[in-house]
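Shown below: query_21.cif, with mmCIF, C-alpha atoms.
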```
data_work
#
loop_
_atom_site.label_atom_id
_atom_site.label_comp_id
_atom_site.auth_asym_id
_atom_site.auth_seq_id
_atom_site.Cartn_x
_atom_site.Cartn_y
_atom_site.Cartn_z
CA MET A 1004 -49.28 -17.29 -4.03
CA LEU A 1005 -46.31 -15.03 -4.77
CA LEU A 1006 -44.98 -16.99 -7.76
CA GLU A 1007 -46.66 -19.48 -10.11
CA VAL A 1008 -44.82 -21.06 -13.04
CA LYS A 1009 -47.17 -22.87 -15.42
CA ALA A 1010 -46.17 -25.15 -18.32
CA VAL A 1011 -43.06 -23.08 -19.08
CA GLU A 1012 -40.96 -24.11 -22.07
CA LYS A 1013 -37.70 -22.66 -23.35
CA SER A 1014 -35.39 -23.64 -26.22
CA TYR A 1015 -32.26 -22.08 -27.66
CA GLU A 1016 -31.19 -21.95 -31.28
CA THR A 1017 -27.88 -23.61 -32.15
CA ALA A 1018 -26.06 -24.31 -35.39
CA THR A 1019 -27.76 -27.72 -35.51
CA GLY A 1020 -31.26 -26.48 -34.64
CA LYS A 1021 -33.34 -25.84 -31.54
CA VAL A 1022 -32.20 -27.35 -28.24
CA PRO A 1023 -34.97 -27.63 -25.61
CA VAL A 1024 -33.83 -26.50 -22.15
CA LEU A 1025 -37.10 -26.41 -20.19
CA ARG A 1026 -39.94 -28.78 -21.07
CA GLY A 1027 -43.17 -27.78 -19.35
CA ILE A 1028 -42.17 -26.58 -15.88
CA ASP A 1029 -44.83 -26.16 -13.17
CA MET A 1030 -43.92 -24.80 -9.73
CA HIS A 1031 -45.09 -22.35 -7.11
CA VAL A 1032 -43.57 -20.29 -4.31
CA ALA A 1033 -45.50 -18.68 -1.47
CA ALA A 1034 -44.45 -15.54 0.36
CA GLY A 1035 -41.71 -16.39 2.85
CA ASP A 1036 -40.85 -19.76 1.21
CA THR A 1037 -37.25 -20.88 0.71
CA LEU A 1038 -36.72 -23.19 -2.26
CA ALA A 1039 -33.61 -24.85 -3.68
CA LEU A 1040 -33.35 -25.64 -7.40
CA THR A 1041 -30.87 -28.45 -7.94
CA GLY A 1042 -29.71 -30.46 -10.94
CA GLU A 1043 -26.74 -31.19 -13.15
CA SER A 1044 -25.07 -28.51 -15.27
CA GLY A 1045 -27.23 -27.85 -18.32
CA SER A 1046 -30.43 -29.06 -16.66
CA GLY A 1047 -32.04 -25.62 -16.98
CA LYS A 1048 -31.72 -24.26 -13.42
CA SER A 1049 -30.26 -20.86 -14.30
CA THR A 1050 -32.53 -20.55 -17.33
CA LEU A 1051 -35.58 -21.04 -15.10
CA LEU A 1052 -34.27 -18.48 -12.63
CA HIS A 1053 -33.76 -15.97 -15.46
CA LEU A 1054 -37.30 -16.52 -16.75
CA ILE A 1055 -38.75 -15.96 -13.27
CA GLY A 1056 -36.78 -12.74 -12.93
CA GLY A 1057 -37.71 -11.50 -16.39
CA LEU A 1058 -34.09 -11.58 -17.58
CA ASP A 1059 -35.18 -13.84 -20.46
CA THR A 1060 -38.49 -14.74 -22.10
CA ALA A 1061 -40.24 -18.10 -22.24
CA ASP A 1062 -41.31 -19.76 -25.50
CA ALA A 1063 -44.54 -21.01 -23.92
CA GLY A 1064 -46.33 -21.04 -20.59
CA SER A 1065 -46.68 -18.33 -17.98
CA VAL A 1066 -44.77 -16.93 -15.02
CA ILE A 1067 -47.10 -15.12 -12.61
CA LEU A 1068 -45.16 -13.00 -10.13
CA ASP A 1069 -46.98 -10.88 -7.59
CA GLY A 1070 -50.10 -11.00 -9.75
CA GLN A 1071 -48.39 -10.04 -13.02
CA ASP A 1072 -47.66 -12.39 -15.92
CA VAL A 1073 -43.98 -11.77 -16.59
CA THR A 1074 -44.27 -13.45 -20.00
CA GLN A 1075 -46.75 -10.79 -21.17
CA LEU A 1076 -44.57 -7.80 -20.21
CA ASP A 1077 -42.23 -5.95 -22.55
CA ASP A 1078 -38.62 -5.14 -21.62
CA THR A 1079 -39.67 -1.98 -19.78
CA GLY A 1080 -42.36 -3.79 -17.83
CA ARG A 1081 -40.05 -6.62 -16.83
CA ALA A 1082 -37.39 -4.13 -15.70
CA ALA A 1083 -39.97 -2.29 -13.58
CA LEU A 1084 -41.13 -5.55 -11.98
CA ARG A 1085 -37.53 -6.48 -11.14
CA ARG A 1086 -36.90 -3.07 -9.57
CA HIS A 1087 -39.93 -3.24 -7.32
CA CYS A 1088 -40.38 -6.94 -6.61
CA VAL A 1089 -37.19 -8.94 -7.21
CA GLY A 1090 -33.71 -8.96 -5.73
CA ILE A 1091 -31.06 -10.96 -7.60
CA VAL A 1092 -27.80 -12.37 -6.20
CA PHE A 1093 -25.38 -13.62 -8.85
CA GLN A 1094 -22.43 -15.98 -8.43
CA GLN A 1095 -20.11 -13.37 -9.95
CA PHE A 1096 -21.27 -10.60 -7.54
CA ASN A 1097 -21.84 -8.08 -10.42
CA LEU A 1098 -20.95 -5.08 -8.27
CA ILE A 1099 -20.34 -1.71 -9.94
CA PRO A 1100 -16.55 -1.16 -9.67
CA SER A 1101 -16.75 2.63 -9.79
CA LEU A 1102 -19.10 2.82 -6.79
CA ASP A 1103 -18.14 2.30 -3.16
CA VAL A 1104 -19.89 -0.28 -0.98
CA ALA A 1105 -22.53 2.13 0.32
CA ALA A 1106 -23.45 3.28 -3.19
CA ASN A 1107 -23.54 -0.29 -4.53
CA ILE A 1108 -25.94 -1.32 -1.78
CA ALA A 1109 -28.18 1.70 -2.37
CA PHE A 1110 -28.17 1.45 -6.18
CA GLN A 1111 -31.20 -0.76 -6.87
CA ALA A 1112 -33.20 0.60 -3.93
CA ARG A 1113 -32.76 4.15 -5.24
CA LEU A 1114 -33.88 3.05 -8.73
CA ALA A 1115 -37.00 1.57 -7.15
CA GLY A 1116 -37.64 4.67 -5.04
CA ALA A 1117 -37.40 2.43 -1.98
CA TYR A 1118 -34.11 3.47 -0.39
CA ASP A 1119 -34.29 3.57 3.41
CA LYS A 1120 -31.05 4.73 5.03
CA GLY A 1121 -31.91 3.20 8.39
CA ALA A 1122 -32.80 -0.16 6.87
CA ALA A 1123 -29.60 -0.13 4.79
CA GLU A 1124 -27.54 0.56 7.91
CA THR A 1125 -29.24 -2.37 9.67
CA LEU A 1126 -28.43 -4.65 6.72
CA CYS A 1127 -24.81 -3.54 6.70
CA ASP A 1128 -24.50 -4.15 10.42
CA ALA A 1129 -26.02 -7.64 10.12
CA LEU A 1130 -23.65 -8.53 7.26
CA GLY A 1131 -20.52 -7.09 8.88
CA LEU A 1132 -20.12 -4.37 6.26
CA THR A 1133 -20.30 -1.20 8.35
CA ALA A 1134 -16.52 -0.77 8.44
CA HIS A 1135 -16.24 -1.20 4.66
CA LEU A 1136 -18.82 1.28 3.33
CA LYS A 1137 -16.24 3.63 1.78
CA LYS A 1138 -14.24 0.84 0.13
CA TYR A 1139 -14.57 -0.18 -3.52
CA PRO A 1140 -15.29 -3.74 -4.71
CA ASP A 1141 -11.67 -4.45 -5.68
CA GLN A 1142 -10.64 -3.71 -2.08
CA LEU A 1143 -12.87 -6.47 -0.69
CA SER A 1144 -12.52 -10.23 -0.32
CA GLY A 1145 -14.84 -12.55 -2.22
CA GLY A 1146 -16.95 -13.14 0.88
CA GLN A 1147 -17.27 -9.41 1.52
CA GLN A 1148 -18.28 -8.77 -2.10
CA GLN A 1149 -20.98 -11.42 -1.87
CA ARG A 1150 -22.27 -9.84 1.34
CA VAL A 1151 -22.50 -6.51 -0.52
CA ALA A 1152 -24.44 -8.25 -3.32
CA ILE A 1153 -26.85 -9.73 -0.77
CA ALA A 1154 -27.31 -6.35 0.94
CA ARG A 1155 -27.96 -4.72 -2.44
CA ALA A 1156 -30.60 -7.36 -3.28
CA LEU A 1157 -32.37 -6.90 0.06
CA ALA A 1158 -32.09 -3.12 0.36
CA ALA A 1159 -35.02 -2.51 -1.98
CA LYS A 1160 -37.22 -4.76 0.22
CA PRO A 1161 -38.14 -7.18 -2.57
CA LYS A 1162 -40.82 -9.85 -2.23
CA LEU A 1163 -38.64 -12.44 -3.99
CA ILE A 1164 -34.90 -13.09 -3.85
CA LEU A 1165 -33.38 -15.07 -6.73
CA ALA A 1166 -29.90 -16.42 -5.99
CA ASP A 1167 -27.82 -18.21 -8.64
CA GLU A 1168 -25.06 -20.25 -6.95
CA PRO A 1169 -24.55 -17.36 -4.47
CA THR A 1170 -21.72 -19.11 -2.65
CA GLY A 1171 -20.13 -20.81 -5.66
CA ASN A 1172 -17.01 -18.62 -5.61
CA LEU A 1173 -16.46 -18.85 -1.86
CA ASP A 1174 -14.55 -21.30 0.31
CA GLU A 1175 -16.65 -23.68 2.42
CA GLU A 1176 -16.38 -21.77 5.70
CA THR A 1177 -17.17 -18.39 4.14
CA ALA A 1178 -20.01 -19.94 2.11
CA ALA A 1179 -21.59 -21.28 5.30
CA GLN A 1180 -21.33 -17.88 6.98
CA VAL A 1181 -22.82 -16.04 4.00
CA MET A 1182 -25.65 -18.56 3.79
CA ASP A 1183 -26.39 -18.16 7.51
CA GLU A 1184 -26.62 -14.40 7.08
CA MET A 1185 -28.76 -14.56 3.93
CA LEU A 1186 -31.28 -16.98 5.43
CA ALA A 1187 -31.53 -14.93 8.62
CA LEU A 1188 -32.15 -11.74 6.68
CA VAL A 1189 -34.70 -13.38 4.38
CA THR A 1190 -36.55 -14.61 7.48
CA GLN A 1191 -36.49 -11.14 9.01
CA THR A 1192 -37.74 -9.39 5.88
CA GLY A 1193 -40.38 -11.99 4.93
CA ALA A 1194 -39.04 -12.31 1.38
CA ALA A 1195 -39.23 -15.61 -0.48
CA LEU A 1196 -35.94 -17.13 -1.65
CA VAL A 1197 -35.36 -19.30 -4.72
CA MET A 1198 -31.75 -20.48 -4.90
CA VAL A 1199 -29.94 -22.44 -7.60
CA THR A 1200 -27.25 -24.61 -6.06
CA HIS A 1201 -25.14 -27.67 -6.82
CA SER A 1202 -24.55 -28.22 -3.10
CA PRO A 1203 -26.78 -30.83 -1.37
CA ARG A 1204 -25.65 -29.36 1.96
CA LEU A 1205 -26.93 -25.89 1.07
CA ALA A 1206 -30.09 -27.28 -0.53
CA ASP A 1207 -30.89 -29.12 2.69
CA ARG A 1208 -31.06 -25.78 4.50
CA MET A 1209 -34.00 -24.66 2.39
CA GLU A 1210 -37.60 -25.55 3.24
CA ARG A 1211 -38.20 -27.21 -0.13
CA ARG A 1212 -36.12 -28.64 -2.95
CA LEU A 1213 -36.98 -29.18 -6.63
CA HIS A 1214 -34.62 -31.15 -8.86
CA LEU A 1215 -34.31 -30.44 -12.59
CA ARG A 1216 -33.25 -33.24 -14.92
CA GLN A 1217 -33.04 -32.65 -18.67
CA GLY A 1218 -35.45 -29.75 -18.51
CA VAL A 1219 -38.15 -31.35 -16.38
CA LEU A 1220 -38.77 -31.42 -12.64
CA ALA A 1221 -37.91 -34.85 -11.30
#
```

Translate this structure into structure tokens?
Amino acid sequence: MLLEVKAVEKSYETATGKVPVLRGIDMHVAAGDTLALTGESGSGKSTLLHLIGGLDTADAGSVILDGQDVTQLDDTGRAALRRHCVGIVFQQFNLIPSLDVAANIAFQARLAGAYDKGAAETLCDALGLTAHLKKYPDQLSGGQQQRVAIARALAAKPKLILADEPTGNLDEETAAQVMDEMLALVTQTGAALVMVTHSPRLADRMERRLHLRQGVLA
């Protein structure tokens, strides 16, 4: 099993006290799985994704990713695990504005010591980015920027892709195209994909769906 989440709990402090966000989450993801996390705003979807990726820490429970308990790692250990095992696609793209497309795509792979020029070129070709490699993020459309973000996430050959509303800022037609490309590439690379989405249409394209309601899986 690539990912096992066991009895995970998470709360946040507010002016009026602790607010529970996740209340004992159990889930698993095998290598090559595609899984949609759905639920209303505030149900804990993004929080769960951040805990899996080591971007935040759980209050209780464990997150076992590729044999390592993410909850037992320090900041340095979680960062190393992300570099070598996880690719993340954000809704807001999060590209580096001072780097061109080619450098953005190579950035995480180089940090992980996993950059493969030939593989990066294949990704760019599959995502229609070859003609844009010397451009900067502000010269691209939203759909093109999201394709760059997907290429960056896949370039390091991660075992797990985490995608948080990856098509949320795109029009319906572009969103469908980007989703087609991402699913095809995930299939080709053998990575697992966990995607947060509000869209039932996109969730239906995944092999499995889990629905969060008030911090629990319904």

Can you measure CA of Leu1188 in chain A to CA of Leu1205 in chain A for me? One decimal in Å is fine.
16.1 Å

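With CA of Ala1039 in chain A on one side and CA of Val1022 in chain A on the other, the separation reads 24.7 Å.
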
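Taken over the shown file, the PyMOL selection byres ((chain A and resi 1083) around 12) identifies Gly1056, Gly1057, Leu1058, Gln1071, Val1073, Leu1076, Asp1077, Asp1078, Thr1079, Gly1080, Arg1081, Ala1082, Leu1084, Arg1085, Arg1086, His1087, Cys1088, Val1089, Gln1111, Leu1114, Ala1115 and Gly1116 of chain A.
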
Pull C-alpha atoms from the residues just selected and write them as an mmCIF file, in the coordinates of the input.
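Printed below is again.cif as written:
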```
data_model
loop_
_atom_site.group_PDB
_atom_site.id
_atom_site.type_symbol
_atom_site.label_atom_id
_atom_site.label_comp_id
_atom_site.auth_asym_id
_atom_site.auth_seq_id
_atom_site.Cartn_x
_atom_site.Cartn_y
_atom_site.Cartn_z
ATOM 1 C CA GLY A 1056 -36.780 -12.740 -12.930
ATOM 2 C CA GLY A 1057 -37.710 -11.500 -16.390
ATOM 3 C CA LEU A 1058 -34.090 -11.580 -17.580
ATOM 4 C CA GLN A 1071 -48.390 -10.040 -13.020
ATOM 5 C CA VAL A 1073 -43.980 -11.770 -16.590
ATOM 6 C CA LEU A 1076 -44.570 -7.800 -20.210
ATOM 7 C CA ASP A 1077 -42.230 -5.950 -22.550
ATOM 8 C CA ASP A 1078 -38.620 -5.140 -21.620
ATOM 9 C CA THR A 1079 -39.670 -1.980 -19.780
ATOM 10 C CA GLY A 1080 -42.360 -3.790 -17.830
ATOM 11 C CA ARG A 1081 -40.050 -6.620 -16.830
ATOM 12 C CA ALA A 1082 -37.390 -4.130 -15.700
ATOM 13 C CA LEU A 1084 -41.130 -5.550 -11.980
ATOM 14 C CA ARG A 1085 -37.530 -6.480 -11.140
ATOM 15 C CA ARG A 1086 -36.900 -3.070 -9.570
ATOM 16 C CA HIS A 1087 -39.930 -3.240 -7.320
ATOM 17 C CA CYS A 1088 -40.380 -6.940 -6.610
ATOM 18 C CA VAL A 1089 -37.190 -8.940 -7.210
ATOM 19 C CA GLN A 1111 -31.200 -0.760 -6.870
ATOM 20 C CA LEU A 1114 -33.880 3.050 -8.730
ATOM 21 C CA ALA A 1115 -37.000 1.570 -7.150
ATOM 22 C CA GLY A 1116 -37.640 4.670 -5.040
#
```

Evaluate the PyMOL selection byres ((chain A and resi 1060-1069) around 7) on the structure here and hand back the selected residues as JSON, numbers by chain.
{"A": [1005, 1006, 1007, 1008, 1009, 1010, 1011, 1012, 1013, 1054, 1055, 1057, 1059, 1070, 1071, 1072, 1073, 1074]}

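Shortest atom-to-atom contact with Gly1145 in chain A among A:Ala1159, A:Leu1130, A:Leu1165, A:Ala1178: A:Ala1178, counting all atoms listed in the file.
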
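For the set A:Val1024, A:Val1181, A:Leu1040, A:Ala1117, the residue with the smallest atom-to-atom gap to Thr1200 in chain A is A:Leu1040, counting all atoms listed in the file.
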
Specify as a VMD selection string each residue included when the PyMOL selection byres ((chain A and resi 1166) around 12) is applied to this file.
chain A and resid 1037 to 1040 1048 to 1049 1051 to 1053 1055 to 1056 1089 to 1096 1149 1152 to 1153 1156 to 1157 1163 to 1165 1167 to 1171 1182 1185 to 1186 1189 1195 to 1200

Env of Ala1129 in chain A: 10 Å cut, atoms = all atoms listed in the file, seq-sep filter 3 positions within chain, self excluded. Answer as a list in words.
Ala1123, Glu1124, Thr1125, Leu1126, Leu1132, Thr1133, Arg1150, Ala1154, Glu1184, Met1185, Ala1187 and Leu1188 of chain A

Residues at most 12 Å from Ala1221 in chain A, counting all atoms listed in the file, excluding those fewer than 2 positions away in the same chain, as a PyMOL selection string?
chain A and resi 1026-1030+1040-1043+1046+1212-1219

Could you state the separation of CA of Pro1140 in chain A and CA of Ala1112 in chain A in Å, given to one decimal place?
18.4 Å

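Shortest atom-to-atom contact with Asp1119 in chain A among A:Arg1155, A:Arg1208, A:Gln1148, A:Leu1220: A:Arg1155, counting only C-alpha atoms.
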
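Nearest-residue note for Gly1146 in chain A: choosing from A:Ala1179, A:Ala1018, A:Val1032, A:Leu1102, the minimum distance belongs to A:Ala1179, counting all atoms listed in the file.
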
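When all atoms listed in the file are used to compute distances to Ala1122 in chain A, the closest of the residues A:Lys1137, A:Tyr1015, A:Asn1097, A:Lys1160 turns out to be A:Lys1160.
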
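Considering the residues A:Ala1105, A:Ser1014, A:Asp1207, A:Tyr1118 and counting all atoms listed in the file, Val1151 in chain A has its shortest atom-to-atom contact with A:Ala1105.
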
Would it be fine to have range 1009-1136 of chain A, with C-alpha atoms, given as a PDB file, in the first residue's frame?
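Writing done, so here's out-v9.pdb:
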```
ATOM      1  CA  LYS A1009      -5.086   5.953  10.192  1.00  0.00           C
ATOM      2  CA  ALA A1010      -7.323   7.708  12.752  1.00  0.00           C
ATOM      3  CA  VAL A1011      -6.079  11.158  11.719  1.00  0.00           C
ATOM      4  CA  GLU A1012      -7.393  14.146  13.653  1.00  0.00           C
ATOM      5  CA  LYS A1013      -6.747  17.843  13.122  1.00  0.00           C
ATOM      6  CA  SER A1014      -8.077  20.968  14.861  1.00  0.00           C
ATOM      7  CA  TYR A1015      -7.276  24.642  14.511  1.00  0.00           C
ATOM      8  CA  GLU A1016      -7.161  27.260  17.229  1.00  0.00           C
ATOM      9  CA  THR A1017      -9.550  30.200  16.891  1.00  0.00           C
ATOM     10  CA  ALA A1018     -10.465  33.126  19.107  1.00  0.00           C
ATOM     11  CA  THR A1019     -13.297  31.036  20.559  1.00  0.00           C
ATOM     12  CA  GLY A1020     -11.269  27.849  21.061  1.00  0.00           C
ATOM     13  CA  LYS A1021     -10.337  24.754  19.093  1.00  0.00           C
ATOM     14  CA  VAL A1022     -12.326  23.922  15.958  1.00  0.00           C
ATOM     15  CA  PRO A1023     -12.074  20.268  14.866  1.00  0.00           C
ATOM     16  CA  VAL A1024     -11.536  19.883  11.103  1.00  0.00           C
ATOM     17  CA  LEU A1025     -10.749  16.170  10.756  1.00  0.00           C
ATOM     18  CA  ARG A1026     -12.232  13.643  13.182  1.00  0.00           C
ATOM     19  CA  GLY A1027     -10.560  10.254  12.853  1.00  0.00           C
ATOM     20  CA  ILE A1028      -9.912   9.765   9.142  1.00  0.00           C
ATOM     21  CA  ASP A1029      -9.022   6.298   7.799  1.00  0.00           C
ATOM     22  CA  MET A1030      -8.202   5.776   4.118  1.00  0.00           C
ATOM     23  CA  HIS A1031      -5.727   4.042   1.854  1.00  0.00           C
ATOM     24  CA  VAL A1032      -4.343   4.480  -1.654  1.00  0.00           C
ATOM     25  CA  ALA A1033      -2.498   1.823  -3.631  1.00  0.00           C
ATOM     26  CA  ALA A1034       0.119   2.514  -6.273  1.00  0.00           C
ATOM     27  CA  GLY A1035      -1.594   3.578  -9.494  1.00  0.00           C
ATOM     28  CA  ASP A1036      -4.937   4.409  -7.804  1.00  0.00           C
ATOM     29  CA  THR A1037      -6.915   7.531  -8.692  1.00  0.00           C
ATOM     30  CA  LEU A1038      -9.060   8.899  -5.865  1.00  0.00           C
ATOM     31  CA  ALA A1039     -11.353  11.923  -5.636  1.00  0.00           C
ATOM     32  CA  LEU A1040     -11.914  13.694  -2.310  1.00  0.00           C
ATOM     33  CA  THR A1041     -15.221  15.540  -2.391  1.00  0.00           C
ATOM     34  CA  GLY A1042     -17.233  17.523   0.143  1.00  0.00           C
ATOM     35  CA  GLU A1043     -18.541  20.970   0.961  1.00  0.00           C
ATOM     36  CA  SER A1044     -16.237  23.914   1.633  1.00  0.00           C
ATOM     37  CA  GLY A1045     -14.819  23.578   5.135  1.00  0.00           C
ATOM     38  CA  SER A1046     -15.277  19.806   5.260  1.00  0.00           C
ATOM     39  CA  GLY A1047     -11.525  19.235   5.601  1.00  0.00           C
ATOM     40  CA  LYS A1048     -10.559  18.145   2.071  1.00  0.00           C
ATOM     41  CA  SER A1049      -7.599  20.482   1.605  1.00  0.00           C
ATOM     42  CA  THR A1050      -6.489  19.969   5.206  1.00  0.00           C
ATOM     43  CA  LEU A1051      -6.345  16.206   4.618  1.00  0.00           C
ATOM     44  CA  LEU A1052      -4.388  16.714   1.410  1.00  0.00           C
ATOM     45  CA  HIS A1053      -1.900  18.954   3.238  1.00  0.00           C
ATOM     46  CA  LEU A1054      -1.418  16.367   5.991  1.00  0.00           C
ATOM     47  CA  ILE A1055      -0.765  13.627   3.428  1.00  0.00           C
ATOM     48  CA  GLY A1056       1.804  15.814   1.700  1.00  0.00           C
ATOM     49  CA  GLY A1057       3.493  16.841   4.936  1.00  0.00           C
ATOM     50  CA  LEU A1058       2.568  20.502   4.459  1.00  0.00           C
ATOM     51  CA  ASP A1059       0.887  20.439   7.880  1.00  0.00           C
ATOM     52  CA  THR A1060       0.997  18.148  10.911  1.00  0.00           C
ATOM     53  CA  ALA A1061      -1.784  16.028  12.405  1.00  0.00           C
ATOM     54  CA  ASP A1062      -2.863  16.274  16.048  1.00  0.00           C
ATOM     55  CA  ALA A1063      -3.346  12.503  16.261  1.00  0.00           C
ATOM     56  CA  GLY A1064      -3.163   9.414  14.082  1.00  0.00           C
ATOM     57  CA  SER A1065      -0.650   8.448  11.427  1.00  0.00           C
ATOM     58  CA  VAL A1066      -0.008   9.023   7.735  1.00  0.00           C
ATOM     59  CA  ILE A1067       2.152   6.253   6.267  1.00  0.00           C
ATOM     60  CA  LEU A1068       3.513   7.220   2.857  1.00  0.00           C
ATOM     61  CA  ASP A1069       5.842   4.893   0.997  1.00  0.00           C
ATOM     62  CA  GLY A1070       6.693   3.152   4.267  1.00  0.00           C
ATOM     63  CA  GLN A1071       7.410   6.327   6.256  1.00  0.00           C
ATOM     64  CA  ASP A1072       5.172   7.826   8.941  1.00  0.00           C
ATOM     65  CA  VAL A1073       4.864  11.450   7.850  1.00  0.00           C
ATOM     66  CA  THR A1074       3.573  12.427  11.298  1.00  0.00           C
ATOM     67  CA  GLN A1075       6.869  11.342  12.907  1.00  0.00           C
ATOM     68  CA  LEU A1076       9.110  13.378  10.584  1.00  0.00           C
ATOM     69  CA  ASP A1077      10.460  16.846  11.317  1.00  0.00           C
ATOM     70  CA  ASP A1078      10.242  19.705   8.803  1.00  0.00           C
ATOM     71  CA  THR A1079      13.421  18.576   7.045  1.00  0.00           C
ATOM     72  CA  GLY A1080      12.228  14.988   6.799  1.00  0.00           C
ATOM     73  CA  ARG A1081       8.835  15.980   5.436  1.00  0.00           C
ATOM     74  CA  ALA A1082      10.461  18.249   2.844  1.00  0.00           C
ATOM     75  CA  ALA A1083      12.748  15.408   1.742  1.00  0.00           C
ATOM     76  CA  LEU A1084       9.784  13.031   1.415  1.00  0.00           C
ATOM     77  CA  ARG A1085       7.902  15.574  -0.701  1.00  0.00           C
ATOM     78  CA  ARG A1086      10.910  16.066  -2.985  1.00  0.00           C
ATOM     79  CA  HIS A1087      11.365  12.378  -3.651  1.00  0.00           C
ATOM     80  CA  CYS A1088       7.863  10.933  -3.410  1.00  0.00           C
ATOM     81  CA  VAL A1089       5.150  13.577  -3.878  1.00  0.00           C
ATOM     82  CA  GLY A1090       4.129  15.911  -6.678  1.00  0.00           C
ATOM     83  CA  ILE A1091       1.653  18.667  -5.787  1.00  0.00           C
ATOM     84  CA  VAL A1092      -0.645  20.570  -8.167  1.00  0.00           C
ATOM     85  CA  PHE A1093      -2.286  23.638  -6.630  1.00  0.00           C
ATOM     86  CA  GLN A1094      -5.355  25.531  -7.830  1.00  0.00           C
ATOM     87  CA  GLN A1095      -3.322  28.762  -7.953  1.00  0.00           C
ATOM     88  CA  PHE A1096      -0.534  27.196 -10.094  1.00  0.00           C
ATOM     89  CA  ASN A1097       2.250  28.514  -7.758  1.00  0.00           C
ATOM     90  CA  LEU A1098       4.758  28.895 -10.587  1.00  0.00           C
ATOM     91  CA  ILE A1099       7.970  30.858  -9.990  1.00  0.00           C
ATOM     92  CA  PRO A1100       7.496  34.118 -11.947  1.00  0.00           C
ATOM     93  CA  SER A1101      11.210  34.754 -12.447  1.00  0.00           C
ATOM     94  CA  LEU A1102      11.780  31.374 -14.129  1.00  0.00           C
ATOM     95  CA  ASP A1103      10.761  30.434 -17.657  1.00  0.00           C
ATOM     96  CA  VAL A1104       8.577  27.411 -18.371  1.00  0.00           C
ATOM     97  CA  ALA A1105      11.480  25.007 -18.835  1.00  0.00           C
ATOM     98  CA  ALA A1106      13.086  26.044 -15.545  1.00  0.00           C
ATOM     99  CA  ASN A1107       9.763  25.879 -13.666  1.00  0.00           C
ATOM    100  CA  ILE A1108       9.195  22.333 -14.883  1.00  0.00           C
ATOM    101  CA  ALA A1109      12.722  21.258 -13.953  1.00  0.00           C
ATOM    102  CA  PHE A1110      12.756  22.972 -10.541  1.00  0.00           C
ATOM    103  CA  GLN A1111      11.462  20.224  -8.226  1.00  0.00           C
ATOM    104  CA  ALA A1112      13.072  17.414 -10.231  1.00  0.00           C
ATOM    105  CA  ARG A1113      16.473  19.093  -9.897  1.00  0.00           C
ATOM    106  CA  LEU A1114      15.965  19.509  -6.131  1.00  0.00           C
ATOM    107  CA  ALA A1115      15.226  15.790  -5.924  1.00  0.00           C
ATOM    108  CA  GLY A1116      18.220  14.875  -8.088  1.00  0.00           C
ATOM    109  CA  ALA A1117      15.774  13.239 -10.488  1.00  0.00           C
ATOM    110  CA  TYR A1118      15.810  15.566 -13.489  1.00  0.00           C
ATOM    111  CA  ASP A1119      15.675  13.684 -16.796  1.00  0.00           C
ATOM    112  CA  LYS A1120      15.843  15.979 -19.831  1.00  0.00           C
ATOM    113  CA  GLY A1121      14.336  13.388 -22.159  1.00  0.00           C
ATOM    114  CA  ALA A1122      11.443  12.646 -19.820  1.00  0.00           C
ATOM    115  CA  ALA A1123      10.804  16.379 -19.351  1.00  0.00           C
ATOM    116  CA  GLU A1124      10.704  16.866 -23.120  1.00  0.00           C
ATOM    117  CA  THR A1125       8.193  14.009 -23.422  1.00  0.00           C
ATOM    118  CA  LEU A1126       6.004  15.613 -20.739  1.00  0.00           C
ATOM    119  CA  CYS A1127       6.139  18.984 -22.479  1.00  0.00           C
ATOM    120  CA  ASP A1128       5.195  17.426 -25.786  1.00  0.00           C
ATOM    121  CA  ALA A1129       2.248  15.549 -24.236  1.00  0.00           C
ATOM    122  CA  LEU A1130       0.996  18.741 -22.555  1.00  0.00           C
ATOM    123  CA  GLY A1131       1.455  20.995 -25.589  1.00  0.00           C
ATOM    124  CA  LEU A1132       4.163  23.083 -23.937  1.00  0.00           C
ATOM    125  CA  THR A1133       7.107  22.593 -26.286  1.00  0.00           C
ATOM    126  CA  ALA A1134       6.538  25.905 -28.068  1.00  0.00           C
ATOM    127  CA  HIS A1135       6.327  27.802 -24.765  1.00  0.00           C
ATOM    128  CA  LEU A1136       9.478  26.672 -22.929  1.00  0.00           C
TER     129      LEU A1136
END
```
